[in-house]
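What follows is the content of entry-v3.csv (CSV, C-alpha atoms).
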chain,number,residue,atom,x,y,z
B,19,MET,CA,99.4,4.5,-82.6
B,20,LYS,CA,96.1,6.2,-82.3
B,21,SER,CA,95.1,4.0,-79.4
B,22,VAL,CA,98.4,4.7,-77.6
B,23,LEU,CA,97.7,8.5,-78.0
B,24,ASN,CA,94.2,8.0,-76.8
B,25,ALA,CA,95.3,6.0,-73.7
B,26,LEU,CA,97.9,8.7,-73.0
B,27,ARG,CA,95.3,11.4,-73.1
B,28,ARG,CA,93.0,9.5,-70.8
B,29,VAL,CA,95.7,8.9,-68.3
B,30,SER,CA,97.0,12.5,-68.4
B,31,LEU,CA,93.6,14.1,-68.0
B,32,THR,CA,92.7,11.9,-65.0
B,33,THR,CA,96.2,12.4,-63.5
B,34,LEU,CA,95.9,16.2,-63.9
B,35,VAL,CA,92.5,16.3,-62.1
B,36,VAL,CA,93.9,14.0,-59.4
B,37,LEU,CA,96.9,16.2,-58.9
B,38,VAL,CA,94.7,19.3,-58.6
B,39,ALA,CA,92.6,17.4,-56.1
B,40,VAL,CA,95.7,16.4,-54.0
B,41,TRP,CA,96.8,20.1,-53.9
B,42,ALA,CA,93.3,21.3,-53.0
B,43,GLY,CA,92.9,18.6,-50.4
B,44,TYR,CA,96.3,19.6,-48.9
B,45,LYS,CA,95.2,23.2,-48.7
B,46,LEU,CA,91.9,22.2,-47.1
B,47,TRP,CA,93.7,20.0,-44.6
B,48,ASP,CA,96.2,22.8,-43.8
B,49,TYR,CA,93.3,25.2,-43.3
B,50,TYR,CA,91.4,23.0,-40.9
B,51,MET,CA,94.3,21.5,-39.1
B,52,ASN,CA,97.1,24.1,-39.0
B,53,GLU,CA,95.8,27.6,-39.7
B,54,PRO,CA,95.4,29.6,-36.5
B,55,TRP,CA,91.7,29.7,-36.1
B,56,THR,CA,89.4,28.1,-33.6
B,57,ARG,CA,85.7,27.8,-32.9
B,58,ASP,CA,86.6,27.4,-29.3
B,59,GLY,CA,86.7,31.0,-28.2
B,60,HIS,CA,84.9,32.8,-25.4
B,61,VAL,CA,84.2,36.4,-24.3
B,62,ARG,CA,85.7,36.9,-20.9
B,63,ALA,CA,85.8,39.6,-18.3
B,64,ASP,CA,87.2,40.1,-14.8
B,65,VAL,CA,84.5,39.7,-12.2
B,66,VAL,CA,84.5,40.8,-8.6
B,67,PRO,CA,82.3,38.7,-6.4
B,68,VAL,CA,80.7,41.3,-4.2
B,69,ALA,CA,80.5,40.3,-0.5
B,70,PRO,CA,79.8,42.3,2.6
B,71,ASP,CA,82.5,42.9,5.2
B,72,VAL,CA,80.1,42.8,8.1
B,73,SER,CA,77.2,40.5,8.9
B,74,GLY,CA,73.6,41.4,9.2
B,75,PHE,CA,70.2,41.8,7.6
B,76,VAL,CA,70.0,43.6,4.3
B,77,THR,CA,67.9,46.8,4.6
B,78,ASP,CA,68.2,48.4,1.2
B,79,VAL,CA,69.3,47.1,-2.2
B,80,LEU,CA,70.1,50.2,-4.3
B,81,VAL,CA,71.0,48.4,-7.6
B,82,LYS,CA,68.9,46.5,-10.1
B,83,ASP,CA,70.1,43.5,-12.0
B,84,ASN,CA,72.5,44.4,-14.9
B,85,GLN,CA,72.8,48.0,-13.8
B,86,PRO,CA,76.0,49.9,-14.7
B,87,VAL,CA,77.7,51.3,-11.6
B,88,ARG,CA,80.6,53.6,-10.9
B,89,ARG,CA,83.4,53.0,-8.4
B,90,GLY,CA,82.2,54.0,-5.0
B,91,ASP,CA,78.5,53.7,-5.6
B,92,VAL,CA,76.5,52.1,-2.8
B,93,LEU,CA,75.2,48.7,-3.9
B,94,PHE,CA,73.3,47.6,-0.8
B,95,ARG,CA,73.1,48.4,2.9
B,96,ILE,CA,73.2,46.1,5.9
B,97,ASP,CA,71.2,46.9,9.0
B,98,ARG,CA,73.0,49.7,10.8
B,99,ALA,CA,71.3,49.4,14.2
B,100,ARG,CA,73.7,47.0,15.7
B,101,TYR,CA,76.7,48.9,14.5
B,102,GLU,CA,75.3,52.2,15.6
B,103,ILE,CA,74.9,50.8,19.1
B,104,ALA,CA,78.4,49.4,19.0
B,105,LEU,CA,79.6,52.9,18.0
B,106,LYS,CA,77.8,54.4,21.0
B,107,GLN,CA,79.2,51.7,23.3
B,108,ALA,CA,82.7,52.5,22.0
B,109,GLU,CA,82.2,56.2,22.5
B,110,ALA,CA,81.0,55.6,26.1
B,111,VAL,CA,83.9,53.4,26.9
B,112,LEU,CA,86.2,56.0,25.4
B,113,LEU,CA,84.8,58.7,27.7
B,114,GLY,CA,85.3,56.4,30.7
B,115,LYS,CA,88.8,55.6,29.8
B,116,GLY,CA,89.5,59.2,29.2
B,117,ALA,CA,88.3,60.1,32.6
B,118,GLN,CA,90.5,57.4,34.1
B,119,LEU,CA,93.5,58.6,32.1
B,120,ASP,CA,92.9,62.2,33.4
B,121,GLU,CA,92.8,60.9,36.9
B,122,ALA,CA,96.0,58.9,36.4
B,123,ASN,CA,97.7,61.9,34.8
B,124,ALA,CA,96.7,64.1,37.7
B,125,ASP,CA,98.0,61.5,40.2
B,126,LEU,CA,101.3,61.2,38.4
B,127,LYS,CA,101.7,65.0,38.3
B,128,ARG,CA,100.9,65.2,42.0
B,129,TYR,CA,103.3,62.4,43.1
B,130,SER,CA,106.0,63.6,40.8
B,131,ALA,CA,106.1,66.9,42.7
B,132,LEU,CA,106.9,65.1,45.9
B,133,THR,CA,110.4,64.2,46.9
B,134,PRO,CA,110.9,60.4,46.5
B,135,ASP,CA,112.0,58.4,49.6
B,136,VAL,CA,111.2,61.3,51.9
B,137,VAL,CA,107.5,62.2,51.5
B,138,VAL,CA,106.5,59.4,49.2
B,139,SER,CA,107.9,55.9,49.0
B,140,LYS,CA,109.6,54.8,45.8
B,141,GLN,CA,107.2,51.9,45.6
B,142,ARG,CA,104.1,54.2,45.6
B,143,LEU,CA,105.6,56.4,42.9
B,144,ASP,CA,106.3,53.3,40.7
B,145,GLN,CA,102.7,52.3,41.2
B,146,VAL,CA,101.4,55.7,40.1
B,147,ILE,CA,103.6,55.6,37.0
B,148,ALA,CA,102.4,52.1,36.2
B,149,ALA,CA,98.7,53.2,36.8
B,150,GLN,CA,99.2,56.1,34.4
B,151,GLY,CA,100.7,53.8,31.8
B,152,GLU,CA,97.8,51.4,32.1
B,153,ALA,CA,95.3,54.2,31.8
B,154,GLN,CA,97.0,55.5,28.7
B,155,ALA,CA,97.0,52.0,27.1
B,156,ALA,CA,93.3,51.5,28.0
B,157,TYR,CA,92.5,54.9,26.5
B,158,ASP,CA,94.4,54.0,23.2
B,159,GLN,CA,92.6,50.7,23.1
B,160,ALA,CA,89.3,52.5,23.5
B,161,VAL,CA,90.2,54.8,20.6
B,162,ALA,CA,91.1,51.8,18.4
B,163,ASP,CA,87.7,50.2,19.4
B,164,LEU,CA,85.9,53.4,18.4
B,165,ASN,CA,87.6,53.5,15.1
B,166,LEU,CA,86.8,49.8,14.5
B,167,ALA,CA,83.1,50.5,15.4
B,168,ARG,CA,83.1,53.4,13.0
B,169,LEU,CA,84.7,51.2,10.3
B,170,ASN,CA,82.1,48.5,10.8
B,171,LEU,CA,79.3,51.1,10.5
B,172,GLU,CA,80.9,52.5,7.4
B,173,ARG,CA,81.3,49.0,5.9
B,174,SER,CA,77.6,48.3,6.5
B,175,GLU,CA,77.2,50.2,3.2
B,176,VAL,CA,78.7,47.9,0.5
B,177,ARG,CA,80.2,49.9,-2.3
B,178,ALA,CA,81.3,49.1,-5.8
B,179,SER,CA,85.1,48.5,-5.8
B,180,ILE,CA,85.4,49.2,-9.5
B,181,SER,CA,83.3,50.6,-12.3
B,182,GLY,CA,81.3,48.0,-14.2
B,183,VAL,CA,78.0,46.3,-14.3
B,184,VAL,CA,76.4,44.4,-11.5
B,185,THR,CA,74.8,41.2,-12.7
B,186,ASN,CA,73.0,38.2,-11.2
B,187,VAL,CA,71.5,40.4,-8.5
B,188,ASP,CA,68.7,38.6,-6.7
B,189,LEU,CA,69.3,40.1,-3.3
B,190,ARG,CA,66.2,41.3,-1.5
B,191,PRO,CA,66.0,43.3,1.7
B,192,GLY,CA,65.7,41.1,4.8
B,193,THR,CA,68.3,38.5,3.6
B,194,TYR,CA,70.7,37.8,6.3
B,195,LEU,CA,74.3,38.0,5.1
B,196,THR,CA,77.4,36.8,6.7
B,197,THR,CA,80.8,38.3,6.3
B,198,GLY,CA,82.5,37.3,3.1
B,199,LYS,CA,79.5,35.6,1.5
B,200,GLY,CA,79.4,36.7,-2.2
B,201,VAL,CA,75.9,37.9,-3.2
B,202,MET,CA,76.3,39.4,-6.7
B,203,ALA,CA,78.8,39.7,-9.5
B,204,LEU,CA,80.4,43.0,-10.4
B,205,LEU,CA,81.7,42.7,-13.9
B,206,ASP,CA,84.6,45.0,-15.0
B,207,SER,CA,83.4,46.3,-18.4
B,208,ASP,CA,86.9,47.6,-19.2
B,209,THR,CA,88.4,44.1,-19.1
B,210,LEU,CA,86.0,42.6,-21.7
B,211,ARG,CA,88.0,40.6,-24.1
B,212,VAL,CA,88.0,37.5,-26.2
B,213,GLU,CA,90.0,34.4,-25.4
B,214,GLY,CA,90.6,31.9,-28.0
B,215,TYR,CA,91.5,28.4,-26.9
B,216,PHE,CA,94.0,27.4,-29.6
B,217,GLU,CA,95.4,23.9,-30.0
B,218,GLU,CA,99.1,24.0,-29.0
B,219,THR,CA,99.9,22.8,-32.6
B,220,LYS,CA,98.6,26.1,-33.9
B,221,LEU,CA,100.6,28.4,-31.6
B,222,PRO,CA,103.7,28.7,-33.8
B,223,ARG,CA,101.6,30.6,-36.3
B,224,ILE,CA,100.3,33.1,-33.6
B,225,HIS,CA,102.3,36.2,-32.7
B,226,LEU,CA,101.7,39.1,-30.4
B,227,GLY,CA,100.1,41.9,-32.2
B,228,ASP,CA,98.7,39.8,-35.1
B,229,PRO,CA,95.4,41.2,-36.3
B,230,VAL,CA,92.4,38.9,-35.4
B,231,SER,CA,88.9,38.6,-36.6
B,232,VAL,CA,86.3,37.5,-34.1
B,233,ARG,CA,82.9,36.2,-35.0
B,234,LEU,CA,80.4,35.9,-32.1
B,235,LEU,CA,78.0,33.0,-32.3
B,236,GLY,CA,74.8,34.4,-34.0
B,237,ALA,CA,76.4,37.7,-35.0
B,238,ASP,CA,76.4,38.6,-38.7
B,239,HIS,CA,79.5,40.8,-38.6
B,240,THR,CA,83.1,40.3,-37.4
B,241,LEU,CA,84.9,42.2,-34.7
B,242,ARG,CA,88.5,43.3,-35.1
B,243,GLY,CA,91.2,42.8,-32.5
B,244,THR,CA,94.8,42.0,-32.0
B,245,VAL,CA,96.6,39.2,-30.1
B,246,GLU,CA,97.4,40.8,-26.8
B,247,SER,CA,99.1,37.9,-25.0
B,248,ILE,CA,99.4,34.1,-25.0
B,249,ALA,CA,99.0,32.2,-21.7
B,250,ALA,CA,102.3,31.6,-20.0
B,251,GLY,CA,101.3,28.2,-18.8
B,252,ILE,CA,98.6,25.6,-18.5
B,253,GLU,CA,98.2,22.8,-16.0
B,254,ASP,CA,100.2,19.7,-16.6
B,255,ARG,CA,97.5,17.0,-16.4
B,256,ASP,CA,99.9,14.1,-16.2
B,257,ARG,CA,101.6,15.2,-13.0
B,258,SER,CA,100.5,15.8,-9.5
B,259,SER,CA,102.2,15.8,-6.1
B,260,GLY,CA,101.8,13.0,-3.6
B,261,SER,CA,101.5,13.4,0.1
B,262,THR,CA,105.3,13.5,0.3
B,263,LEU,CA,105.4,16.3,-2.2
B,264,LEU,CA,107.3,14.2,-4.7
B,265,ALA,CA,106.3,14.3,-8.3
B,266,ASN,CA,103.5,11.8,-9.2
B,267,VAL,CA,103.6,11.3,-12.9
B,268,ASN,CA,100.8,9.4,-14.6
B,269,PRO,CA,102.3,6.0,-15.7
B,270,THR,CA,100.0,5.6,-18.6
B,271,PHE,CA,100.9,7.4,-21.8
B,272,ASN,CA,98.3,7.4,-24.5
B,273,TRP,CA,99.1,6.2,-28.0
B,274,VAL,CA,96.4,8.5,-29.3
B,275,ARG,CA,96.4,11.9,-27.8
B,276,LEU,CA,94.8,15.3,-28.3
B,277,ALA,CA,96.5,18.6,-28.6
B,278,GLN,CA,95.9,20.6,-25.5
B,279,ARG,CA,94.5,24.0,-25.7
B,280,VAL,CA,96.2,27.2,-24.7
B,281,PRO,CA,94.3,30.5,-24.0
B,282,VAL,CA,95.2,33.3,-26.3
B,283,ARG,CA,94.0,36.7,-25.2
B,284,ILE,CA,92.6,39.0,-27.9
B,285,ALA,CA,92.3,42.7,-27.2
B,286,LEU,CA,89.2,44.3,-28.9
B,287,ASP,CA,88.6,47.9,-29.8
B,288,PRO,CA,87.0,49.6,-26.8
B,289,ALA,CA,84.1,50.8,-29.0
B,290,MET,CA,83.2,47.1,-29.8
B,291,ARG,CA,83.1,46.1,-26.1
B,292,SER,CA,79.6,47.4,-25.4
B,293,GLU,CA,77.8,44.6,-27.3
B,294,LEU,CA,79.8,41.8,-25.7
B,295,VAL,CA,78.4,39.3,-23.2
B,296,ALA,CA,81.0,37.6,-21.0
B,297,GLY,CA,80.9,33.9,-21.5
B,298,ALA,CA,79.5,34.1,-25.1
B,299,THR,CA,81.0,31.8,-27.7
B,300,ALA,CA,83.2,33.2,-30.4
B,301,THR,CA,85.1,31.9,-33.4
B,302,VAL,CA,88.6,33.5,-33.5
B,303,GLU,CA,90.7,33.7,-36.6
B,304,VAL,CA,94.3,35.1,-36.4
B,305,LEU,CA,95.0,36.9,-39.6
B,306,GLY,CA,98.7,37.1,-39.1
B,307,LEU,CA,101.1,36.7,-42.0
B,308,PRO,CA,102.7,33.3,-42.3
B,309,ALA,CA,105.7,33.0,-40.0
B,310,HIS,CA,108.6,34.0,-42.2
B,311,GLY,CA,110.3,36.6,-40.1
B,312,GLY,CA,109.1,35.7,-36.6
B,313,PRO,CA,108.5,38.8,-34.4
B,314,SER,CA,109.5,41.2,-37.2
B,315,GLY,CA,106.5,39.9,-39.2
B,316,THR,CA,104.2,40.9,-36.4
B,317,GLY,CA,105.6,44.4,-36.4
B,318,GLU,CA,104.6,44.8,-40.0
B,319,ALA,CA,101.2,43.5,-39.3
B,320,ARG,CA,100.8,45.9,-36.5
B,321,ASP,CA,102.0,48.9,-38.5
B,322,GLY,CA,99.8,48.0,-41.5
B,323,SER,CA,97.3,50.7,-41.0
B,324,HIS,CA,95.5,49.9,-44.2
B,325,PRO,CA,93.4,46.8,-43.7
B,326,SER,CA,92.8,46.3,-47.4
B,327,VAL,CA,96.5,46.3,-48.2
B,328,CYS,CA,97.0,43.9,-45.3
B,329,ARG,CA,94.3,41.5,-46.7
B,330,ALA,CA,95.8,41.6,-50.2
B,331,VAL,CA,99.2,40.7,-48.8
B,332,GLN,CA,97.7,37.9,-46.9
B,333,ALA,CA,95.8,36.6,-49.9
B,334,ALA,CA,99.0,36.6,-51.9
B,335,PHE,CA,100.8,34.6,-49.2
B,336,ARG,CA,97.9,32.3,-48.8
B,337,ALA,CA,98.0,31.3,-52.5
B,338,ARG,CA,101.4,29.7,-51.9
B,339,PRO,CA,101.9,26.6,-49.8
B,340,GLN,CA,102.9,27.6,-46.4
B,341,CYS,CA,106.2,26.5,-45.0
B,342,GLY,CA,105.5,27.4,-41.4
D,28,MET,CA,77.5,30.9,-42.0
D,29,ARG,CA,81.1,31.5,-42.6
D,30,TYR,CA,82.3,29.2,-39.9
D,31,GLU,CA,79.3,27.3,-38.7
D,32,LEU,CA,75.8,26.5,-39.6
D,33,ASP,CA,72.8,26.7,-37.3
D,34,LEU,CA,70.4,23.8,-38.0
D,35,PHE,CA,67.5,24.5,-35.7
D,36,GLY,CA,69.8,25.2,-32.7
D,37,VAL,CA,72.3,22.5,-33.5
D,38,ILE,CA,75.4,24.3,-34.6
D,39,VAL,CA,77.7,22.4,-37.0
D,40,PRO,CA,80.7,23.5,-39.0
D,41,SER,CA,79.8,25.0,-42.4
D,42,PHE,CA,82.2,22.4,-43.9
D,43,LEU,CA,79.3,19.9,-43.5
D,44,LEU,CA,77.2,22.1,-45.9
D,45,TRP,CA,80.0,22.4,-48.4
D,46,GLY,CA,80.5,18.7,-48.3
D,47,VAL,CA,76.8,18.1,-49.1
D,48,VAL,CA,76.7,20.8,-51.8
D,49,ALA,CA,79.9,19.6,-53.4
D,50,TYR,CA,78.5,16.0,-53.5
D,51,ILE,CA,75.3,17.3,-55.3
D,52,LEU,CA,77.4,19.4,-57.7
D,53,THR,CA,79.7,16.4,-58.4
D,54,ARG,CA,76.7,14.2,-59.2
D,55,VAL,CA,75.3,16.9,-61.5
D,56,ALA,CA,78.6,17.6,-63.1
D,57,ALA,CA,79.2,13.8,-63.6
D,58,ARG,CA,75.9,13.5,-65.4
D,59,VAL,CA,76.6,16.6,-67.6
D,60,LEU,CA,80.1,15.4,-68.4
D,61,ALA,CA,78.8,11.9,-69.2
D,62,ARG,CA,76.3,13.4,-71.6
D,63,ALA,CA,79.0,15.5,-73.2
D,64,GLY,CA,81.0,12.3,-73.7
D,65,LEU,CA,83.9,13.4,-71.6
D,66,TYR,CA,84.2,10.0,-69.9
D,67,ARG,CA,85.6,8.6,-73.1
D,68,HIS,CA,88.8,10.5,-72.3
D,69,VAL,CA,88.8,9.5,-68.6
D,70,TRP,CA,91.0,6.8,-67.3
D,71,HIS,CA,89.2,5.7,-64.1
D,72,GLY,CA,85.8,7.1,-63.8
D,73,ALA,CA,85.5,6.7,-60.1
D,74,LEU,CA,88.9,8.2,-59.4
D,75,PHE,CA,88.1,11.1,-61.6
D,76,ASN,CA,84.8,11.7,-59.8
D,77,PHE,CA,86.4,11.5,-56.4
D,78,ALA,CA,89.1,14.0,-57.5
D,79,LEU,CA,86.3,16.2,-58.8
D,80,TYR,CA,84.6,16.0,-55.5
D,81,VAL,CA,87.7,17.0,-53.5
D,82,CYS,CA,88.3,19.9,-55.8
D,83,LEU,CA,84.8,21.1,-55.4
D,84,VAL,CA,84.7,20.8,-51.7
D,85,ALA,CA,88.0,22.6,-51.3
D,86,GLY,CA,86.9,25.2,-53.8
D,87,LEU,CA,83.6,25.9,-52.1
D,88,SER,CA,85.3,26.0,-48.7
D,89,PHE,CA,87.8,28.6,-49.9
D,90,ILE,CA,85.4,30.6,-51.9
D,91,SER,CA,83.0,30.8,-48.9
D,92,ARG,CA,85.9,31.9,-46.8
D,93,GLU,CA,86.5,34.9,-49.0
D,94,LEU,CA,83.0,35.8,-50.0
D,95,VAL,CA,80.6,34.7,-47.2
D,96,SER,CA,80.5,37.1,-44.4

For this file, write the structure as structure tokens.
Amino acid sequence: MKSVLNALRRVSLTTLVVLVAVWAGYKLWDYYMNEPWTRDGHVRADVVPVAPDVSGFVTDVLVKDNQPVRRGDVLFRIDRARYEIALKQAEAVLLGKGAQLDEANADLKRYSALTPDVVVSKQRLDQVIAAQGEAQAAYDQAVADLNLARLNLERSEVRASISGVVTNVDLRPGTYLTTGKGVMALLDSDTLRVEGYFEETKLPRIHLGDPVSVRLLGADHTLRGTVESIAAGIEDRDRSSGSTLLANVNPTFNWVRLAQRVPVRIALDPAMRSELVAGATATVEVLGLPAHGGPSGTGEARDGSHPSVCRAVQAAFRARPQCG
Amino acid sequence: MRYELDLFGVIVPSFLLWGVVAYILTRVAARVLARAGLYRHVWHGALFNFALYVCLVAGLSFISRELVS
């Protein structure tokens, strides 16, 4: 009898520990496989590739590498000489065309005063009217050319199209630039954000407005943000279009496959943006409540203005196995 | 530290550290428990030790999540 009791105790103690281990292992698996957090996150920003609108030698570079600039600030200048000459040319042409137009107008006025078919032939009068029209067109053309020359001269100063920071500036005076060739990056500081590349299997637990904690690689504190948006689409890698524009679907389908990753955009507090470097690696953890009410749950999370209360609620939910 | 561990520039998930620490703790605990005579009340020693290891690694992982900044 004693040995039976002893055996029962041995089995039950081991079974208890094993059951606890199974539960703990399940929680661990859930945390690593299903909880919405990823180490595959990056800081991103919108970048304008600055390129000149006219060709020529660079005469002045007015910005330094990594210098903050405001919209409209001159970044660099392209040699103006050619465009100044072009402007002078256009002005001269305009004067000439103006003189021709005056003459044509005077002719037209003179001939119009004469009686047609008596003093002056109908043909001659038509010629004068046509000549005046041509002179007017040539004059308008010269005005347009002048404006173009003026625009080119103006565009020889390359300005910042947005406020931000110019980076990767290694432009030196004397460099010959051609139209449209990008020479430096203008990073829009207002668009700095974090994008987490979440496996598609984790998306059901991510909702718009969910609070997010972001840890930059090497930083010893977390940044706070919210889920701003989830990418509407990613490329279908198994499908392309053939030359006939018919669908070309990859005939192999893998037995083993990996979850694809979908970018989730995280909006950060503007005060936290200053320390961000676009491209830096970040770990992103969505702190949303478990999906029990869909979008209504996100509303609660957004309204929860007390972070500590929010955390406590999360901890309470976390203790229970999640159904989502 | 909370998510990943920097080993001279090679960055690995902190889970690796918790796995190693839990292994050491399991060995120590097994020795202490053996001395205390607990293994007389254990059905399968190896199964018990493995379960202990899983509990410790999960415990360390979750404690670090709450405590380690």

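Selected on chain B by distance to chain D: Arg28, Val29, Thr32, Val36, Ala39, Ala42 and Leu46 of chain B (within 6 Å, counting all atoms listed in the file).
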
Checklist line | Nearest to Lys115 (chain B) by atom-to-atom distance, counting only C-alpha atoms, from B:Val304, B:Leu226, B:Val76, B:Val161 | finding: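 Of B:Val304, B:Leu226, B:Val76, B:Val161, the one nearest Lys115 (chain B), counting only C-alpha atoms, is B:Val161.
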
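With only C-alpha atoms as the atoms that count, the minimum distance from Leu166 (chain B) to the choices B:Ala250, B:Leu210, B:Val72, B:Ala237 is reached by B:Val72.
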
Next item on the list: Just give me the gap between CA of Leu189 (chain B) and CA of Glu293 (chain B) in Å, one decimal is fine.
Entry: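 It comes out at 25.9 Å.
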
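For Glu121 (chain B), the list of residues within 10 Å, based on all atoms listed in the file and with local chain neighbours fewer than 6 positions off taken out, reads Lys115, Lys127, Ala149, Gln150 and Ala153 of chain B.
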
Check: What gap, in Å, lies between CA of Tyr129 (chain B) and CA of Ala117 (chain B)?
Finding: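 Interatomic distance here is 18.5 Å.
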
Margin query: Using Å and a single decimal, report how far CA of Ser181 (chain B) sits from CA of Thr209 (chain B).
Written below: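 Between CA of Thr209 (chain B) and CA of Ser181 (chain B) the gap works out to 10.7 Å.
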
Item checked: Within-10 Å shell of (85.2, 48.0, -19.3) in input frame, only C-alpha atoms, as a ChimeraX atom specification -> /B:63-64,180-183,205-211,288,291-292

Margin query: Which residue is closest to Thr193 (chain B)? Choose from B:Ile96, B:Val65, B:Met51, B:Ile147 and count all atoms listed in the file.
Written below: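 Once distances to Thr193 (chain B) are computed over all atoms listed in the file, the minimum belongs to B:Ile96.
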